[in-house]
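Structure file structure-v9.txt; described as compact mmCIF, C-alpha atoms.
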# COMPACT_ATOMS: atom_id res chain seq x y z
CA MET A 352 -53.31 99.09 85.47
CA THR A 353 -53.62 96.78 82.47
CA THR A 354 -52.24 93.30 83.06
CA PRO A 355 -50.59 91.21 80.30
CA GLN A 356 -53.55 88.80 80.46
CA ARG A 357 -55.98 91.66 79.98
CA ARG A 358 -53.95 93.00 77.05
CA SER A 359 -53.96 89.53 75.48
CA ALA A 360 -57.73 89.17 75.92
CA VAL A 361 -58.31 92.60 74.37
CA SER A 362 -56.04 91.80 71.47
CA SER A 363 -57.68 88.45 70.82
CA GLU A 364 -61.13 90.06 70.99
CA LYS A 365 -59.94 92.66 68.47
CA ALA A 366 -58.64 89.89 66.21
CA ARG A 367 -62.02 88.12 66.37
CA GLU A 368 -63.80 91.32 65.42
CA GLU A 369 -61.45 91.84 62.51
CA ASP A 370 -62.06 88.25 61.41
CA ARG A 371 -65.80 88.77 61.51
CA ALA A 372 -65.52 91.95 59.49
CA LEU A 373 -63.46 90.11 56.89
CA LEU A 374 -65.88 87.16 56.90
CA ARG A 375 -68.77 89.57 56.30
CA ARG A 376 -66.92 91.21 53.43
CA TYR A 377 -66.27 87.80 51.89
CA HIS A 378 -69.61 86.11 52.48
CA GLU A 379 -71.93 89.10 52.03
CA ALA A 380 -70.09 91.16 49.44
CA GLY A 381 -68.11 88.42 47.71
CA ASP A 382 -64.85 90.24 48.41
CA THR A 383 -62.19 87.63 47.66
CA THR A 384 -59.37 89.83 48.92
CA ALA A 385 -60.98 89.51 52.37
CA ARG A 386 -60.84 85.74 51.94
CA GLU A 387 -57.14 85.93 51.05
CA GLU A 388 -56.51 88.05 54.12
CA LEU A 389 -58.33 85.57 56.33
CA ILE A 390 -56.20 82.76 54.94
CA GLU A 391 -53.00 84.70 55.63
CA ARG A 392 -54.13 85.65 59.14
CA HIS A 393 -54.81 82.06 60.11
CA LEU A 394 -51.86 80.31 58.50
CA PRO A 395 -49.95 80.50 61.81
CA LEU A 396 -52.78 78.43 63.36
CA VAL A 397 -52.39 75.88 60.56
CA ARG A 398 -48.62 75.76 61.11
CA SER A 399 -49.09 75.27 64.81
CA LEU A 400 -51.56 72.41 64.30
CA ALA A 401 -49.41 70.86 61.56
CA ARG A 402 -46.41 70.72 63.90
CA ARG A 403 -48.33 68.25 66.07
CA TYR A 404 -48.18 65.80 63.19
CA ALA A 405 -44.53 66.35 62.26
CA GLY A 406 -42.08 63.46 62.42
CA ARG A 407 -44.49 60.90 61.00
CA GLY A 408 -42.75 60.46 57.68
CA GLU A 409 -44.25 63.51 56.00
CA ALA A 410 -42.51 66.83 55.44
CA LEU A 411 -43.88 69.56 57.70
CA GLU A 412 -44.57 71.89 54.78
CA ASP A 413 -46.67 69.17 53.14
CA ILE A 414 -48.72 68.75 56.30
CA GLU A 415 -49.13 72.51 56.43
CA GLN A 416 -50.36 72.53 52.86
CA VAL A 417 -53.01 69.94 53.63
CA GLY A 418 -53.97 71.84 56.78
CA ALA A 419 -54.36 75.02 54.72
CA ILE A 420 -57.00 73.25 52.63
CA GLY A 421 -58.94 72.63 55.84
CA LEU A 422 -58.61 76.30 56.75
CA ILE A 423 -59.94 77.44 53.39
CA LYS A 424 -62.90 75.10 53.69
CA ALA A 425 -63.65 76.50 57.13
CA ILE A 426 -63.55 80.06 55.79
CA ASP A 427 -65.82 79.13 52.89
CA ARG A 428 -68.31 77.29 55.07
CA PHE A 429 -68.38 79.68 58.00
CA GLU A 430 -71.88 80.92 58.75
CA LEU A 431 -71.97 84.44 60.07
CA GLU A 432 -74.69 83.59 62.59
CA ARG A 433 -72.26 81.30 64.38
CA GLU A 434 -71.19 82.44 67.81
CA VAL A 435 -67.76 80.77 67.61
CA SER A 436 -64.60 82.44 66.44
CA LEU A 437 -63.13 81.49 63.09
CA ALA A 438 -60.08 79.98 64.82
CA THR A 439 -62.30 77.69 66.91
CA TYR A 440 -64.36 76.74 63.89
CA ALA A 441 -61.33 76.19 61.67
CA THR A 442 -59.36 74.01 64.11
CA PRO A 443 -61.40 70.82 63.59
CA ASN A 444 -61.41 71.37 59.84
CA VAL A 445 -57.65 71.72 59.74
CA VAL A 446 -57.00 68.76 62.04
CA GLY A 447 -59.59 66.64 60.21
CA GLU A 448 -57.98 67.37 56.86
CA ILE A 449 -54.53 66.45 58.19
CA LYS A 450 -55.79 63.23 59.77
CA ARG A 451 -57.61 62.24 56.62
CA HIS A 452 -54.45 62.88 54.63
CA PHE A 453 -52.43 60.55 56.87
CA ARG A 454 -55.15 57.93 56.80
CA ASP A 455 -55.36 57.97 53.00
CA LYS A 456 -51.64 57.64 52.51
CA GLY A 457 -50.81 55.41 55.41
CA TRP A 458 -48.38 53.39 53.29
CA ALA A 459 -46.05 56.33 52.98
CA ILE A 460 -45.59 56.64 56.71
CA ARG A 461 -43.65 53.39 56.80
CA VAL A 462 -40.85 54.61 54.54
CA PRO A 463 -37.40 53.42 55.65
CA ARG A 464 -35.42 56.08 57.44
CA ALA A 465 -32.47 55.81 55.04
CA LEU A 466 -34.73 56.74 52.11
CA GLN A 467 -36.27 59.59 54.07
CA GLU A 468 -32.80 60.93 54.77
CA LEU A 469 -31.78 60.56 51.15
CA ASN A 470 -34.93 62.40 50.11
CA ALA A 471 -34.14 65.18 52.54
CA SER A 472 -30.65 65.63 51.12
CA MET A 473 -31.81 65.48 47.49
CA SER A 474 -33.40 68.90 47.52
CA GLY A 475 -30.10 70.60 48.34
CA ALA A 476 -28.24 68.44 45.84
CA ILE A 477 -30.62 69.39 43.04
CA GLU A 478 -30.28 73.08 43.88
CA ARG A 479 -26.48 72.85 43.91
CA LEU A 480 -26.35 70.95 40.64
CA THR A 481 -28.87 73.21 38.93
CA GLY A 482 -26.73 76.19 39.89
CA ARG A 483 -23.54 74.48 38.79
CA LEU A 484 -24.83 73.02 35.52
CA GLY A 485 -27.29 75.75 34.57
CA ARG A 486 -30.00 73.14 33.95
CA SER A 487 -32.01 70.51 35.74
CA PRO A 488 -29.65 67.63 36.66
CA SER A 489 -30.09 64.04 35.55
CA ILE A 490 -30.71 61.24 38.02
CA ALA A 491 -27.20 59.93 37.46
CA GLU A 492 -25.76 63.34 38.31
CA ILE A 493 -27.84 63.56 41.48
CA ALA A 494 -26.73 60.04 42.45
CA GLU A 495 -23.10 60.95 41.92
CA GLU A 496 -23.47 64.10 43.98
CA LEU A 497 -25.01 62.11 46.84
CA LYS A 498 -22.67 59.13 46.41
CA THR A 499 -25.51 56.70 45.91
CA THR A 500 -27.14 54.79 43.04
CA PRO A 501 -29.66 56.13 40.50
CA GLU A 502 -32.14 53.51 41.69
CA GLU A 503 -31.95 54.81 45.23
CA VAL A 504 -32.41 58.36 44.02
CA LEU A 505 -35.53 57.30 42.12
CA GLU A 506 -36.90 55.56 45.19
CA ALA A 507 -36.13 58.56 47.34
CA MET A 508 -37.94 60.81 44.87
CA GLU A 509 -41.07 58.77 45.50
CA VAL A 510 -40.77 59.22 49.24
CA GLY A 511 -41.31 62.92 48.88
CA SER A 512 -43.40 63.22 45.79
CA ALA A 513 -45.76 60.28 45.73
CA TYR A 514 -49.18 61.31 46.78
CA SER A 515 -51.96 58.83 47.25
CA THR A 516 -54.79 59.37 44.81
CA VAL A 517 -57.11 57.35 46.99
CA SER A 518 -60.28 59.39 47.02
CA LEU A 519 -60.69 61.65 50.01
CA SER A 520 -64.43 61.27 49.49
CA THR A 521 -64.32 57.99 51.38
CA GLY A 522 -64.63 60.21 54.47
CA PRO A 523 -63.34 59.45 57.94
CA GLY A 524 -62.30 55.88 58.52
CA GLY A 525 -63.61 55.97 62.06
CA ASP A 526 -65.18 58.79 63.97
CA GLU A 527 -63.58 57.52 67.13
CA GLU A 528 -60.41 59.20 65.92
CA LEU A 529 -62.01 62.63 66.10
CA ASP A 530 -62.56 64.36 69.36
CA PRO A 531 -65.71 66.47 69.87
CA LEU A 532 -63.93 69.74 69.13
CA GLU A 533 -62.62 68.33 65.90
CA THR A 534 -66.09 67.56 64.59
CA ILE A 535 -67.55 71.05 65.03
CA GLY A 536 -66.90 71.93 61.42
CA GLY A 537 -68.59 68.78 60.17
CA GLU A 538 -67.55 66.54 57.31
CA ASP A 539 -68.26 66.85 53.63
CA GLU A 540 -71.16 65.06 52.12
CA GLU A 541 -70.21 62.48 49.56
CA PHE A 542 -71.17 63.05 46.00
CA GLU A 543 -71.09 61.10 42.83
CA ARG A 544 -68.54 61.98 40.21
CA SER A 545 -69.38 65.12 38.35
CA GLU A 546 -69.38 65.13 34.61
CA HIS A 547 -67.14 68.17 34.88
CA ARG A 548 -64.49 66.39 36.87
CA ALA A 549 -61.82 66.47 34.18
CA ALA A 550 -61.75 70.27 34.31
CA LEU A 551 -60.07 71.15 37.54
CA GLU A 552 -60.56 74.88 37.71
CA PRO A 553 -63.63 74.95 39.98
CA ALA A 554 -61.47 73.45 42.72
CA LEU A 555 -58.64 75.94 42.21
CA ASP A 556 -60.25 78.20 44.75
CA ARG A 557 -59.70 75.59 47.44
CA LEU A 558 -55.95 76.01 47.28
CA PRO A 559 -53.88 78.47 49.29
CA PRO A 560 -52.75 81.55 47.30
CA ARG A 561 -49.15 80.35 47.00
CA GLU A 562 -50.19 77.04 45.41
CA ARG A 563 -52.61 78.79 43.04
CA GLU A 564 -49.82 81.11 41.96
CA ILE A 565 -47.45 78.17 41.39
CA LEU A 566 -50.05 76.40 39.22
CA ARG A 567 -50.66 79.61 37.30
CA MET A 568 -46.93 80.04 36.64
CA ARG A 569 -46.56 76.43 35.56
CA PHE A 570 -49.67 75.96 33.43
CA GLU A 571 -50.47 79.47 32.23
CA GLU A 572 -47.06 81.05 31.91
CA GLY A 573 -45.47 77.70 31.11
CA LEU A 574 -42.50 78.37 33.39
CA PRO A 575 -40.25 75.42 34.26
CA GLN A 576 -40.02 74.30 37.88
CA THR A 577 -36.54 75.75 38.25
CA GLN A 578 -37.76 79.28 37.43
CA ILE A 579 -40.85 78.92 39.60
CA ALA A 580 -38.64 77.76 42.45
CA GLN A 581 -36.53 80.90 42.10
CA ARG A 582 -39.56 83.17 41.98
CA VAL A 583 -41.28 81.75 45.04
CA GLY A 584 -38.11 81.02 47.01
CA LEU A 585 -38.61 77.28 47.36
CA SER A 586 -36.56 74.31 46.20
CA GLN A 587 -37.37 72.70 42.86
CA MET A 588 -38.36 69.49 44.62
CA HIS A 589 -40.72 71.39 46.84
CA VAL A 590 -42.31 73.09 43.83
CA SER A 591 -42.68 69.71 42.17
CA ARG A 592 -44.39 68.28 45.24
CA LEU A 593 -46.69 71.28 45.57
CA ILE A 594 -47.78 71.01 41.93
CA ARG A 595 -48.45 67.30 42.20
CA LYS A 596 -50.31 67.53 45.45
CA SER A 597 -52.27 70.58 44.43
CA LEU A 598 -53.55 68.82 41.31
CA SER A 599 -54.48 65.74 43.34
CA ILE A 600 -56.21 67.80 45.98
CA MET A 601 -58.12 69.77 43.37
CA ARG A 602 -59.37 66.65 41.70
CA GLU A 603 -60.43 65.07 44.97
CA GLU A 604 -62.16 68.29 45.95
CA LEU A 605 -63.98 68.33 42.65
CA LEU A 606 -65.29 64.83 43.24
CA ARG A 607 -66.69 65.98 46.55
CA MET A 608 -68.42 69.09 45.23
CA PRO A 609 -72.17 68.91 44.77
CA PRO A 610 -73.34 68.66 41.16
CA GLY A 611 -73.71 72.14 39.77
CA ALA A 612 -71.01 73.61 42.03
CA ALA A 613 -68.32 72.65 39.55
CA MET B 1337 -30.73 57.24 10.31
CA ASN B 1338 -33.64 55.65 12.16
CA GLU B 1339 -33.60 55.98 15.90
CA LEU B 1340 -33.53 52.70 17.79
CA HIS B 1341 -36.61 52.22 19.94
CA GLU B 1342 -36.77 49.75 22.79
CA ARG B 1343 -40.23 48.89 24.03
CA ILE B 1344 -41.46 48.14 27.52
CA ASP B 1345 -45.03 46.98 28.19
CA LEU B 1346 -46.69 47.10 31.54
CA GLU B 1347 -50.11 46.30 32.91
CA ALA B 1348 -50.80 47.87 36.26
CA PRO B 1349 -53.75 48.02 38.64
CA LEU B 1350 -55.49 51.39 38.66
CA SER B 1351 -55.85 51.48 42.42
CA GLY B 1352 -54.00 54.36 44.03
CA ASP B 1353 -51.50 52.19 45.87
CA PHE B 1354 -49.89 51.12 42.61
CA GLN B 1355 -49.57 54.53 41.05
CA ALA B 1356 -46.38 55.13 43.00
CA VAL B 1357 -45.01 51.92 41.46
CA VAL B 1358 -45.88 53.18 37.99
CA ARG B 1359 -44.13 56.43 38.76
CA LEU B 1360 -41.07 54.56 39.92
CA ILE B 1361 -40.98 52.53 36.71
CA ILE B 1362 -41.33 55.65 34.60
CA GLY B 1363 -38.47 57.16 36.56
CA GLY B 1364 -36.35 54.10 35.92
CA ILE B 1365 -37.07 54.14 32.19
CA ALA B 1366 -36.46 57.87 31.87
CA GLU B 1367 -33.23 57.60 33.80
CA ARG B 1368 -31.92 55.21 31.14
CA VAL B 1369 -32.44 57.94 28.54
CA ASP B 1370 -30.72 60.36 30.88
CA PHE B 1371 -33.76 62.60 31.24
CA ALA B 1372 -33.28 65.48 33.64
CA PHE B 1373 -35.03 65.43 37.01
CA GLU B 1374 -37.60 67.94 35.76
CA GLU B 1375 -38.29 66.01 32.55
CA ILE B 1376 -38.88 62.81 34.51
CA ASP B 1377 -41.15 64.68 36.86
CA ASP B 1378 -43.14 66.03 33.89
CA LEU B 1379 -43.67 62.61 32.35
CA GLN B 1380 -44.61 61.10 35.69
CA LEU B 1381 -47.11 63.89 36.26
CA ALA B 1382 -48.68 63.41 32.81
CA VAL B 1383 -49.24 59.70 33.39
CA GLU B 1384 -50.37 60.25 36.95
CA ARG B 1385 -53.05 62.76 35.92
CA LEU B 1386 -54.29 60.46 33.18
CA LEU B 1387 -54.50 57.48 35.52
CA ALA B 1388 -56.25 59.60 38.12
CA GLU B 1389 -58.98 60.25 35.57
CA ALA B 1390 -59.23 56.56 34.72
CA GLY B 1391 -60.72 55.69 38.10
CA GLN B 1392 -59.61 53.17 40.70
CA VAL B 1393 -61.05 49.93 39.37
CA GLY B 1394 -59.43 47.43 37.03
CA SER B 1395 -56.10 47.79 35.35
CA VAL B 1396 -54.47 49.81 32.61
CA GLN B 1397 -51.85 49.02 30.01
CA LEU B 1398 -48.89 51.25 29.51
CA SER B 1399 -46.28 50.91 26.84
CA PHE B 1400 -43.09 52.89 26.60
CA GLU B 1401 -41.04 53.23 23.43
CA VAL B 1402 -37.63 54.41 24.43
CA GLY B 1403 -35.55 56.26 21.86
CA GLU B 1404 -32.20 57.92 22.24
CA ARG B 1405 -33.74 61.24 23.15
CA SER B 1406 -37.41 60.49 23.63
CA ILE B 1407 -39.99 58.37 25.36
CA ARG B 1408 -43.30 57.66 23.69
CA THR B 1409 -45.92 56.44 26.12
CA ARG B 1410 -49.28 54.87 25.31
CA VAL B 1411 -51.83 54.67 28.09
CA GLY B 1412 -55.03 52.75 27.61
CA PRO B 1413 -57.52 51.56 26.79
CA LEU B 1414 -59.21 54.15 28.96
CA SER B 1415 -62.96 53.95 28.98
CA GLU B 1416 -63.74 57.18 30.72
CA ALA B 1417 -65.69 59.44 28.39
CA ALA B 1418 -64.77 62.46 30.49
CA VAL B 1419 -61.07 61.92 29.77
CA ALA B 1420 -61.65 61.83 26.04
CA GLU B 1421 -63.87 64.88 26.22
CA ALA B 1422 -61.36 66.86 28.24
CA LEU B 1423 -58.58 66.02 25.84
CA ARG B 1424 -60.55 66.76 22.70
CA ASP B 1425 -61.85 70.11 23.87
CA GLY B 1426 -60.53 73.21 22.23
CA ASP B 1427 -58.13 75.41 24.13
CA ALA B 1428 -59.59 76.38 27.46
CA PRO B 1429 -59.70 80.07 28.38
CA PRO B 1430 -56.83 81.39 30.49
CA GLY B 1431 -57.17 80.37 34.11
CA HIS B 1432 -59.01 77.16 33.28
CA LEU B 1433 -56.88 74.23 34.30
CA THR B 1434 -57.98 71.27 32.23
CA LEU B 1435 -56.33 67.93 31.67
CA ARG B 1436 -55.57 69.09 28.15
CA ARG B 1437 -53.74 72.14 29.45
CA ILE B 1438 -51.78 70.07 31.96
CA LEU B 1439 -50.65 67.56 29.34
CA GLY B 1440 -49.92 70.35 26.88
CA THR B 1441 -47.54 71.85 29.43
CA VAL B 1442 -45.69 68.79 30.65
CA VAL B 1443 -45.21 66.71 27.48
CA ASP B 1444 -43.98 67.70 24.03
CA SER B 1445 -46.98 66.20 22.25
CA PHE B 1446 -50.01 64.09 22.99
CA GLY B 1447 -52.86 62.57 21.08
CA VAL B 1448 -55.87 60.34 21.39
CA GLU B 1449 -56.53 57.14 19.48
CA ASP B 1450 -60.19 56.20 19.35
CA LEU B 1451 -60.60 52.45 19.77
CA GLY B 1452 -64.39 52.56 19.39
CA ASP B 1453 -67.03 51.74 22.01
CA GLY B 1454 -65.94 54.76 24.06
CA ALA B 1455 -62.44 53.41 24.63
CA ILE B 1456 -59.39 55.51 23.90
CA VAL B 1457 -55.63 55.27 24.10
CA VAL B 1458 -53.68 58.39 24.99
CA ARG B 1459 -50.27 58.86 23.42
CA LEU B 1460 -47.69 61.03 25.11
CA GLU B 1461 -44.28 61.99 23.82
CA LYS B 1462 -41.58 63.51 25.95
CA LEU B 1463 -38.31 64.63 24.43
CA LYS B 1464 -35.04 65.03 26.22
CA GLY B 1465 -33.92 68.64 26.37
CA LEU B 1466 -30.57 69.79 25.12
CA PRO B 1467 -27.69 68.88 27.42
Full structure transcribed into structure tokens:
Amino acid sequence: MTTPQRRSAVSSEKAREEDRALLRRYHEAGDTTAREELIERHLPLVRSLARRYAGRGEALEDIEQVGAIGLIKAIDRFELEREVSLATYATPNVVGEIKRHFRDKGWAIRVPRALQELNASMSGAIERLTGRLGRSPSIAEIAEELKTTPEEVLEAMEVGSAYSTVSLSTGPGGDEELDPLETIGGEDEEFERSEHRAALEPALDRLPPREREILRMRFEEGLPQTQIAQRVGLSQMHVSRLIRKSLSIMREELLRMPPGAA
Amino acid sequence: MNELHERIDLEAPLSGDFQAVVRLIIGGIAERVDFAFEEIDDLQLAVERLLAEAGQVGSVQLSFEVGERSIRTRVGPLSEAAVAEALRDGDAPPGHLTLRRILGTVVDSFGVEDLGDGAIVVRLEKLKGLP
């Protein structure tokens, strides 16, 4: 008789085989749909790892976004000769990316709780007002809705949207923070600025599909945030944050790419 | 009738820690003109992307001319040749996300003033949408 443990082992072995097949399609045949599928398959792993870092002054979805960058890097760097599963290989990349993110924007973790709470309630207020007014609300209108001052609304906007542009290429601040498992994937080499750095598109590939689609809607279709938010089912504030962070991440990634890769 | 323009000048360090302060100031200025949340966000993003290209060392001057329905921003001098090149390039093909394309999306107009010796000032204009 098959035990639950046995069923689980079989299913995880099957998943590993499917991963390897997809990795082969991507790395050997250049099939980018296989890459997209790998990203989708392993997003639950990213979410699970991101949850460990929740409650540190950063929205969970933002941590997940950063973790997804680590996942994509792991998929891109995976060598088929490796004996490890993609999940094992990706874990240190995802965790490393999240830790680096927190390290680079340490100032934001010390945001007063009242501002964090105001930021959390702003998203709903903006959605309500946009629906009521049929346009993006002004700061004064948001302040009135939340019974606070425009200055506090502006400050609270920064809590959620400010993203440190400190270069990620500074690498880990101290390897003692990484446990052995978390260093399996290795760290990026540092590179000088590329002359192509003002053109961000080579780094577009590093972003998860949802973020790429949001950037495409904003900068190719020219859609306003409110319409993008409706299309992707997120709040306008969340779309704003994703755009900002995606552009920052792309630029930092570009700085870390070897010359000629851009 | 000529529109009244108030002017605010600011010199800020380029290091990343201060970019949030610049964003906050832009938000405060735009709020006075009653810009919508999305319009403020656009202007902040335009300045943020420009400053990101200017590096992390030294400082940058920003000036804001505030009209009844517009904010004209001057950022510079910026000495990065790559910034000037990216902004002067012709339209990039679809799918290519350049600084020029970003600015072209989030502000109503922008331009480059050549100060000589590789230094430029970038002008951005953001108009308030119809109420």
Please report as JSON lines every residue of chain B lying within 8 Å of chain A, along with the nearest atom pair and their distance in Å (one decimal), using all atoms listed in the file.
{"residue": "B:Ser1351", "atom": "CA", "partner": "A:Val517", "partner_atom": "CA", "distance": 7.5}
{"residue": "B:Gly1352", "atom": "CA", "partner": "A:Thr516", "partner_atom": "CA", "distance": 5.1}
{"residue": "B:Asp1353", "atom": "CA", "partner": "A:Ser515", "partner_atom": "CA", "distance": 6.8}
{"residue": "B:Gln1355", "atom": "CA", "partner": "A:Ser515", "partner_atom": "CA", "distance": 7.9}
{"residue": "B:Ala1356", "atom": "CA", "partner": "A:Ala513", "partner_atom": "CA", "distance": 5.9}
{"residue": "B:Arg1359", "atom": "CA", "partner": "A:Glu509", "partner_atom": "CA", "distance": 7.8}
{"residue": "B:Leu1360", "atom": "CA", "partner": "A:Leu505", "partner_atom": "CA", "distance": 6.6}
{"residue": "B:Gly1363", "atom": "CA", "partner": "A:Leu505", "partner_atom": "CA", "distance": 6.3}
{"residue": "B:Gly1364", "atom": "CA", "partner": "A:Leu505", "partner_atom": "CA", "distance": 7.0}
{"residue": "B:Glu1367", "atom": "CA", "partner": "A:Ile490", "partner_atom": "CA", "distance": 6.1}
{"residue": "B:Asp1370", "atom": "CA", "partner": "A:Ser489", "partner_atom": "CA", "distance": 6.0}
{"residue": "B:Phe1371", "atom": "CA", "partner": "A:Ser489", "partner_atom": "CA", "distance": 5.8}
{"residue": "B:Ala1372", "atom": "CA", "partner": "A:Ser489", "partner_atom": "CA", "distance": 4.0}
{"residue": "B:Phe1373", "atom": "CA", "partner": "A:Ser489", "partner_atom": "CA", "distance": 5.3}
{"residue": "B:Glu1374", "atom": "CA", "partner": "A:Ser487", "partner_atom": "CA", "distance": 6.2}
{"residue": "B:Asp1377", "atom": "CA", "partner": "A:Ser591", "partner_atom": "CA", "distance": 7.5}
{"residue": "B:Leu1381", "atom": "CA", "partner": "A:Arg595", "partner_atom": "CA", "distance": 7.0}
{"residue": "B:Ala1388", "atom": "CA", "partner": "A:Thr516", "partner_atom": "CA", "distance": 6.9}
{"residue": "B:Glu1389", "atom": "CA", "partner": "A:Ala549", "partner_atom": "CA", "distance": 7.0}
{"residue": "B:Gln1392", "atom": "CA", "partner": "A:Val517", "partner_atom": "CA", "distance": 8.0}
{"residue": "B:Ala1418", "atom": "CA", "partner": "A:Ala549", "partner_atom": "CA", "distance": 6.2}
{"residue": "B:Val1419", "atom": "CA", "partner": "A:Ala549", "partner_atom": "CA", "distance": 6.4}
{"residue": "B:Ala1422", "atom": "CA", "partner": "A:Ala549", "partner_atom": "CA", "distance": 6.0}
{"residue": "B:Pro1430", "atom": "CA", "partner": "A:Glu571", "partner_atom": "CA", "distance": 6.9}
{"residue": "B:Gly1431", "atom": "CA", "partner": "A:Glu571", "partner_atom": "CA", "distance": 7.0}
{"residue": "B:His1432", "atom": "CA", "partner": "A:Glu552", "partner_atom": "CA", "distance": 5.2}
{"residue": "B:Leu1433", "atom": "CA", "partner": "A:Glu552", "partner_atom": "CA", "distance": 5.1}
{"residue": "B:Thr1434", "atom": "CA", "partner": "A:Ala550", "partner_atom": "CA", "distance": 4.4}
{"residue": "B:Leu1435", "atom": "CA", "partner": "A:Ala549", "partner_atom": "CA", "distance": 6.2}
{"residue": "B:Arg1437", "atom": "CA", "partner": "A:Phe570", "partner_atom": "CA", "distance": 6.9}
{"residue": "B:Ile1438", "atom": "CA", "partner": "A:Phe570", "partner_atom": "CA", "distance": 6.4}
{"residue": "B:Thr1441", "atom": "CA", "partner": "A:Phe570", "partner_atom": "CA", "distance": 6.1}
**OP:** Considering all atoms listed in the file, return as a list in words whatever protein or nucleic-acid residues lie within 7 Å of B:Asp1345, sequence-local ones (same chain, fewer than 2 positions apart) excluded.
**Re:** Arg1343, Glu1347, Leu1398, Ser1399 and Phe1400 of chain B
Subject >> Atomic separation - atom CA of A:Arg386 relative to atom CA of A:Arg557, Å >> reply: 11.2 Å
Subject >> Contacts of B:Gln1397 at 6 Å (all atoms listed in the file; same-chain gap of 5+ positions) as number ranges by chain >> reply: B: 1346-1347, 1411-1412
Original post:
B:Ala1366, B:Val1358, B:Leu1350, B:Glu1375: which is nearest B:Leu1387, counting all atoms listed in the file?
Top reply: B:Leu1350
Original post:
So what do you get for atom CA of B:Ser1415 versus atom CA of B:Arg1459, distance-wise?
Top reply: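 Between atom CA of B:Ser1415 and atom CA of B:Arg1459 the gap works out to 14.7 Å.
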What's around B:Ser1445 at 10 Å? Count all atoms listed in the file, leave out sequence neighbours fewer than 3 positions away in its own chain, and write the answer as an mmCIF file with C-alpha atoms, in the frame of the given file.
data_model
loop_
_atom_site.group_PDB
_atom_site.id
_atom_site.type_symbol
_atom_site.label_atom_id
_atom_site.label_comp_id
_atom_site.auth_asym_id
_atom_site.auth_seq_id
_atom_site.Cartn_x
_atom_site.Cartn_y
_atom_site.Cartn_z
ATOM 1 C CA ARG B 1408 -43.300 57.660 23.690
ATOM 2 C CA LEU B 1439 -50.650 67.560 29.340
ATOM 3 C CA GLY B 1440 -49.920 70.350 26.880
ATOM 4 C CA THR B 1441 -47.540 71.850 29.430
ATOM 5 C CA VAL B 1442 -45.690 68.790 30.650
ATOM 6 C CA ARG B 1459 -50.270 58.860 23.420
ATOM 7 C CA LEU B 1460 -47.690 61.030 25.110
ATOM 8 C CA GLU B 1461 -44.280 61.990 23.820
ATOM 9 C CA LYS B 1462 -41.580 63.510 25.950
ATOM 10 C CA LEU B 1463 -38.310 64.630 24.430
#
